[in-house]
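Before any comments, here is the structure.
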Amino acid sequence: MNWIQREPARKPNNDDSILERIAKIRGIEDYQKFLNPTEEELHDPYSMKNIQDASNRIIKAIDKNERIIVSYDPDADGLTATTIMLRYLKNYTDNVDYIYGERSDGHGITEMIKISNLSPSKDADRIEHNKSNTDKIRNADLLILIDSSSNDVETCKFIREKLNTDIIILDHHAIESKNPYALLVNPQQDECEYPNKYLSGAGVVFKTIQVMEDTLNQVDVWQYIDLVAVGLYADVMRLDILENRYLIMQGLRNMKNTGLVRILKGGKVNMYKMKGDAIGFTIAPMLNGAARMDNIKLAIDILLEDDDKVCKKIRLQMHKLNKYRKEKQKEITDQYKKNIDDTKKVLIVTDEQSSKGFNGIVAQQLSEEYKRPVIVGRIHNGKLSGSFRSYNGFKFKRFLNQFDGELDALGHEGAGGIEISQDLLPDLEKYIERHMPSLEDVKPTVYYDLDISVDEVGQYVKELDKFNLLTGNGFPKVIVRVNGISVEEPSCIGETKETVKIGTLNDMELIKFRVNEEYASELSYFDMIDVVGQLTMNEWFNFATRKLVAVPQVILHDYVKS
């Protein structure tokens with residue numbers, strides 16, 4: 001792995017504080033505002049196109065006691081966004097219900113109600129479920145589609161013209177086709193003046209109910225800010241945008257949803273010192289895990305439940321399901337490895353049992369292990385449909401879309417979905433081998449911000465934690481290089497034995513996730529190493545001594561012997 005010190009945006013001075021040094025390296029003009037954004041960073045919701053009309057239509061439905069249906073999309077943002085709307089509406093009406101689709105069926109309203117192309121024998125349960133969804137829509141006056149469906153034009157036409165139901169879409173995904181059959185609120189649409197184009201579905205819903213409350217004026221919409229924060233963070237929205245930072249920080253400080261609190265307690269998260277990682281590593285995996293295992297109803301139930309005893313039982317079910325999900329993911333990955341040709345520049349793995357819920361996460365794991373882009377999917381009805389993941393920053397989506405053939409690659413440059421005719425796969429493989437640069441010998445690169453000695457760890461750790469409180473897309477974690485660490489002993493820990501902890505003689509510890517017992521096995525007592533990773537304070541309560549223990553810890557990217 002290459003270690004490269006980040007080129008500072010502005011050169012720090014010798015007398016700068018640690019916070020000032022990091023701010024200058026990262027190009028942050030006002031680090032106080034960045035670390036502690038205020039409500040002044042919030043944009044006017046009325047600048048979002050169609051939001052007033054959408055709010056008025058929902059209020060009209062409430063006033064006339066019309067039947068309202070809202071839709072759940074099967075990921076953490078979709079789950080939280082729809083829960084916000086559903087909980088909010090129940091303050092004003094009992095005439096509201098919801099529909100949903102499972103993760104393996106795909107995203108959007110089309111997948112929630114379609115019957116054609118499904119096998120009566122293989123897909124009997126899904127057909128029955130989709131018929132139930134359709135009946136609910138048929139009997140409704142207003143359908144609110146949340147965090148999806150901006151491009152489901154034909155299905156919206158069917159619902160509007162054949163089922164005679166009005167449609168509002170509250171979404172944030174890229175728009176590819178005009179949809180005249182729905183009232184669309186989406187910051188991505190043309191002529192939308194809302195400045196923040198990186199709101200998630202939960203953010204768009206929050207802005208909508210803010211506008212509604214200007215008229216109804218009975219509910220404090222900030223009671224849902226914890227759900228907003230989870231949706232924004234879990235959907236990897238940009239964290240260099242101050243509005244997003246403010247909303248997420250408010251959510252972290254005001255976790256009140258009974259289901260979310262139960263998930264956090266079950267994950268042994270310190271509720272008084274929560275970072276964004278509490279969402280990324282504890283809440284989002286539980287919600288997405290239920291969705292990946294085609295049991296989204298568990299996630300819906302825990303977010304809508306107010307009885308902690310009930311939530312405790314649901315969380316336990318989700319925990320067991322997520323544990324099984326991890327085992328299944330490992331099983332799928334191991335099975336795919338048997339069919340991999342690692343001489344290829346891109347690994348293309350197809351399997352009839354491929355699941356939409358696992359394609360992306362398995363592709364990511366294979367990409368990291370084999371150090372090249374990966375496509376994982378299922379061939380069905382003459383088409384390969386699945387997910388792709390790139391490697392080491394290569395713009396894989398752009399490369400795929402330059403293929404001279406009928407191929408759809410959607411999503412981000414490094415991660416997205418793909419669909420291509422099975423007949424064209426040999427041509428795609430030839431195109432890849434001929435035109436793609438070889439990444440086989442390219443070492444992954446880690447950029448670090450600061451170079452410090454092991455003796456400086458104590459003075460840096462708390463200051464670095466202030467910046468690493470909220471990191472992700474647009475603002476990656478502040479990474480340090482720590483030199484001159486004396487090794488005590490490495491050990492493999494955790495339920496699945498996929499974590500290695502390296503004790504040191506320097507009153508600190510090192511930890512590496514998603515590895516096996518071979519990692520760092522070359523190290524022994526008194527070896528001197530330099531490391532690069534995230535410096536943080538690992539805190540836990542020692543029940544034996546009844547004291548809070550705090551130990552500096554580096555979450556490793558890499559190490560080298562000094």
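Ordered as shown in the structure tokens, chains take letters A, B, and onward, while each chain numbers its residues from 1 and ligands are numbered from 1 in the order shown.
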
Do you have, as a Markdown table, the list of residues of segment 207-325 of chain A lying at most 12 Å from segment 531-555 of chain A, each with its nearest atom pair and that distance in Å to one decimal, counting only C-alpha atoms and ordered by chain then number?
```
| residue | atom | partner | partner_atom | distance |
| --- | --- | --- | --- | --- |
| A:Lys268 | CA | A:Trp540 | CA | 9.2 |
| A:Val269 | CA | A:Trp540 | CA | 9.4 |
| A:Asn270 | CA | A:Trp540 | CA | 8.4 |
| A:Tyr272 | CA | A:Glu539 | CA | 11.9 |
| A:Lys273 | CA | A:Glu539 | CA | 10.0 |
| A:Met274 | CA | A:Glu539 | CA | 11.7 |
| A:Lys275 | CA | A:Thr536 | CA | 11.3 |
```

Q) If we count only C-alpha atoms, what is near segment 118-126 of chain A at a cut-off of 9 Å, once residues fewer than 5 positions away on the same chain are taken out, given as a PyMOL selection string? A) chain A and resi 101-102+105+112+131

Any chance you could export the current selection's N, CA, C and O atoms as a PDB file, in the first residue's frame?
```pdb
ATOM      1  N   GLY A 101     -41.908  -3.125  -0.896  1.00  0.00           N
ATOM      2  CA  GLY A 101     -41.376  -4.224  -1.703  1.00  0.00           C
ATOM      3  C   GLY A 101     -40.107  -4.734  -1.051  1.00  0.00           C
ATOM      4  O   GLY A 101     -39.444  -4.008  -0.310  1.00  0.00           O
ATOM      5  N   GLU A 102     -39.778  -5.979  -1.303  1.00  0.00           N
ATOM      6  CA  GLU A 102     -38.553  -6.541  -0.734  1.00  0.00           C
ATOM      7  C   GLU A 102     -37.329  -6.129  -1.566  1.00  0.00           C
ATOM      8  O   GLU A 102     -37.440  -5.801  -2.742  1.00  0.00           O
ATOM      9  N   ASP A 105     -36.530  -7.773  -4.877  1.00  0.00           N
ATOM     10  CA  ASP A 105     -37.420  -7.437  -5.982  1.00  0.00           C
ATOM     11  C   ASP A 105     -36.962  -6.188  -6.722  1.00  0.00           C
ATOM     12  O   ASP A 105     -37.350  -5.969  -7.875  1.00  0.00           O
ATOM     13  N   MET A 112     -43.048  -2.971  -7.021  1.00  0.00           N
ATOM     14  CA  MET A 112     -43.984  -3.231  -5.927  1.00  0.00           C
ATOM     15  C   MET A 112     -45.346  -3.742  -6.411  1.00  0.00           C
ATOM     16  O   MET A 112     -46.079  -4.345  -5.625  1.00  0.00           O
ATOM     17  N   LYS A 131     -50.262  -7.866  -5.625  1.00  0.00           N
ATOM     18  CA  LYS A 131     -51.703  -7.657  -5.811  1.00  0.00           C
ATOM     19  C   LYS A 131     -52.290  -6.884  -4.628  1.00  0.00           C
ATOM     20  O   LYS A 131     -53.135  -6.005  -4.806  1.00  0.00           O
TER      21      LYS A 131
END
```

Q. Skipping near chain neighbours, those fewer than 5 positions away, what residues fall within 8 Å of Thr282 of chain A using only C-alpha atoms, listed as JSON, numbers by chain?
A. {"A": [263, 264, 267, 277]}

Please dump the current selection as a CSV table (one decimal), in the first residue's frame; keep all heavy atoms.
```
chain,number,residue,atom,x,y,z
A,263,ILE,N,-31.8,-0.3,19.0
A,263,ILE,CA,-30.7,-0.8,18.2
A,263,ILE,C,-29.4,-0.3,18.7
A,263,ILE,O,-28.4,-1.1,18.8
A,263,ILE,CB,-30.9,-0.3,16.7
A,263,ILE,CG1,-32.1,-1.1,16.1
A,263,ILE,CG2,-29.7,-0.6,15.9
A,263,ILE,CD1,-32.5,-0.6,14.7
A,264,LEU,N,-29.3,1.0,19.1
A,264,LEU,CA,-28.1,1.5,19.6
A,264,LEU,C,-27.7,0.9,21.0
A,264,LEU,O,-26.5,0.5,21.2
A,264,LEU,CB,-28.2,3.1,19.8
A,264,LEU,CG,-28.3,3.9,18.5
A,264,LEU,CD1,-28.7,5.3,18.8
A,264,LEU,CD2,-26.9,3.9,17.8
A,267,GLY,N,-26.4,-2.5,20.4
A,267,GLY,CA,-25.0,-2.4,19.9
A,267,GLY,C,-24.0,-1.9,20.9
A,267,GLY,O,-22.8,-1.6,20.5
A,277,ASP,N,-20.4,7.2,13.0
A,277,ASP,CA,-20.2,5.8,12.9
A,277,ASP,C,-21.3,5.0,13.6
A,277,ASP,O,-21.5,3.8,13.3
A,277,ASP,CB,-18.8,5.4,13.5
A,277,ASP,CG,-17.7,5.9,12.6
A,277,ASP,OD1,-18.0,6.2,11.4
A,277,ASP,OD2,-16.5,5.9,13.1
```

**Q.** DSSP strand (DSSP E or B) residues within segment 379-517 of chain A, as JSON, numbers by chain
**A.** {"A": [379, 380, 383, 384, 385, 386, 387, 388, 389, 407, 408, 409, 410, 411, 415, 416, 417, 418, 419, 420, 421, 445, 446, 447, 448, 450, 451, 452, 453, 472, 475, 480, 481, 482, 483, 484, 485, 486, 487, 488, 489, 490, 491, 492, 493, 499, 500, 501, 502, 503, 504, 509, 510, 511, 512, 513]}

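Separating atom CA of Lys197 of chain A from atom CA of Leu470 of chain A is a distance of 19.1 Å.
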
Q) What does the distance from atom CA of Val230 of chain A to atom CA of Tyr72 of chain A come to in Å, to one decimal? A)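 So the answer is 15.2 Å.
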
Q: Rank A:Thr165, A:Gln422, A:Ser355, A:Thr208 by their smallest atom-to-atom distance to Arg292 of chain A, using only C-alpha atoms, and report the top residue only.
A: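 The answer is A:Ser355, which sits nearest to Arg292 of chain A.
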
Q) Leaving out segment 490-501 of chain A and any residue of its chain fewer than 4 positions from it, which residues lie within 9 Å of it when counting only C-alpha atoms, given as a list in words? A) Glu509, Leu510, Ile511, Lys512, Phe513, Arg514, Val515, Asn516, Glu517, Glu518, Tyr519, Ala520, Ser521, Leu523 and Ser524 of chain A

(Q) Just checking: using only C-alpha atoms, which residue out of A:Tyr31, A:Phe158, A:Tyr224, A:Phe475 ends up closest to Gln210 of chain A? (A)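 Closest to Gln210 of chain A, using only C-alpha atoms: A:Tyr224.
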
Q.
Restricting the calculation to only C-alpha atoms: of A:Asn14, A:Asn401, A:Gln459, A:Thr110, which residue gets closest to Tyr431 of chain A?
A.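 For Tyr431 of chain A, the nearest of the given residues is A:Asn401.
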
Q. Mind pulling up the distance from atom CA of Ala284 of chain A to atom CA of Arg253 of chain A?
A.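 For atom CA of Arg253 of chain A relative to atom CA of Ala284 of chain A, the distance reads 17.2 Å.
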
**Q.** Contacts of Ala76 of chain A within 9 Å, only C-alpha atoms, excl. fewer than 5 positions in-chain, as a PyMOL selection string
**A.** chain A and resi 81+230-231+234-235+283-288+291+299

Let's have the selection written as a PDB file, in the first residue's frame, with N, CA, C and O atoms.
```
ATOM      1  N   ALA A  81     -37.225   7.628   5.802  1.00  0.00           N
ATOM      2  CA  ALA A  81     -37.999   8.683   5.138  1.00  0.00           C
ATOM      3  C   ALA A  81     -39.499   8.412   5.235  1.00  0.00           C
ATOM      4  O   ALA A  81     -40.297   9.301   5.571  1.00  0.00           O
ATOM      5  N   VAL A 230     -30.375   9.512  10.268  1.00  0.00           N
ATOM      6  CA  VAL A 230     -30.052   8.152   9.840  1.00  0.00           C
ATOM      7  C   VAL A 230     -30.169   8.035   8.323  1.00  0.00           C
ATOM      8  O   VAL A 230     -29.309   7.451   7.657  1.00  0.00           O
ATOM      9  N   GLY A 231     -31.239   8.594   7.755  1.00  0.00           N
ATOM     10  CA  GLY A 231     -31.413   8.530   6.302  1.00  0.00           C
ATOM     11  C   GLY A 231     -30.293   9.219   5.552  1.00  0.00           C
ATOM     12  O   GLY A 231     -29.740   8.682   4.592  1.00  0.00           O
ATOM     13  N   ALA A 234     -26.830   7.210   6.290  1.00  0.00           N
ATOM     14  CA  ALA A 234     -26.824   5.851   5.741  1.00  0.00           C
ATOM     15  C   ALA A 234     -26.843   5.855   4.225  1.00  0.00           C
ATOM     16  O   ALA A 234     -26.335   4.921   3.598  1.00  0.00           O
ATOM     17  N   ASP A 235     -27.397   6.909   3.613  1.00  0.00           N
ATOM     18  CA  ASP A 235     -27.448   6.980   2.156  1.00  0.00           C
ATOM     19  C   ASP A 235     -26.237   7.696   1.571  1.00  0.00           C
ATOM     20  O   ASP A 235     -26.226   8.060   0.403  1.00  0.00           O
ATOM     21  N   ILE A 283     -26.710   1.207  13.277  1.00  0.00           N
ATOM     22  CA  ILE A 283     -28.103   1.321  12.836  1.00  0.00           C
ATOM     23  C   ILE A 283     -28.284   0.859  11.399  1.00  0.00           C
ATOM     24  O   ILE A 283     -29.124   0.000  11.108  1.00  0.00           O
ATOM     25  N   ALA A 284     -27.507   1.432  10.479  1.00  0.00           N
ATOM     26  CA  ALA A 284     -27.683   1.113   9.059  1.00  0.00           C
ATOM     27  C   ALA A 284     -27.525  -0.380   8.758  1.00  0.00           C
ATOM     28  O   ALA A 284     -28.332  -0.939   8.001  1.00  0.00           O
ATOM     29  N   PRO A 285     -26.516  -1.079   9.317  1.00  0.00           N
ATOM     30  CA  PRO A 285     -26.416  -2.517   9.028  1.00  0.00           C
ATOM     31  C   PRO A 285     -27.630  -3.315   9.485  1.00  0.00           C
ATOM     32  O   PRO A 285     -28.014  -4.292   8.837  1.00  0.00           O
ATOM     33  N   MET A 286     -28.254  -2.911  10.594  1.00  0.00           N
ATOM     34  CA  MET A 286     -29.433  -3.632  11.073  1.00  0.00           C
ATOM     35  C   MET A 286     -30.625  -3.403  10.142  1.00  0.00           C
ATOM     36  O   MET A 286     -31.349  -4.349   9.801  1.00  0.00           O
ATOM     37  N   LEU A 287     -30.840  -2.150   9.739  1.00  0.00           N
ATOM     38  CA  LEU A 287     -31.958  -1.845   8.843  1.00  0.00           C
ATOM     39  C   LEU A 287     -31.726  -2.461   7.463  1.00  0.00           C
ATOM     40  O   LEU A 287     -32.603  -3.127   6.905  1.00  0.00           O
ATOM     41  N   ASN A 288     -30.532  -2.237   6.917  1.00  0.00           N
ATOM     42  CA  ASN A 288     -30.229  -2.784   5.596  1.00  0.00           C
ATOM     43  C   ASN A 288     -30.123  -4.299   5.621  1.00  0.00           C
ATOM     44  O   ASN A 288     -30.436  -4.970   4.635  1.00  0.00           O
ATOM     45  N   ALA A 291     -33.477  -5.730   5.243  1.00  0.00           N
ATOM     46  CA  ALA A 291     -33.903  -5.572   3.845  1.00  0.00           C
ATOM     47  C   ALA A 291     -33.187  -6.571   2.937  1.00  0.00           C
ATOM     48  O   ALA A 291     -33.809  -7.179   2.055  1.00  0.00           O
ATOM     49  N   ALA A 299     -37.802  -4.217   9.924  1.00  0.00           N
ATOM     50  CA  ALA A 299     -37.254  -2.862  10.028  1.00  0.00           C
ATOM     51  C   ALA A 299     -38.378  -1.835  10.115  1.00  0.00           C
ATOM     52  O   ALA A 299     -38.281  -0.861  10.875  1.00  0.00           O
TER      53      ALA A 299
END
```
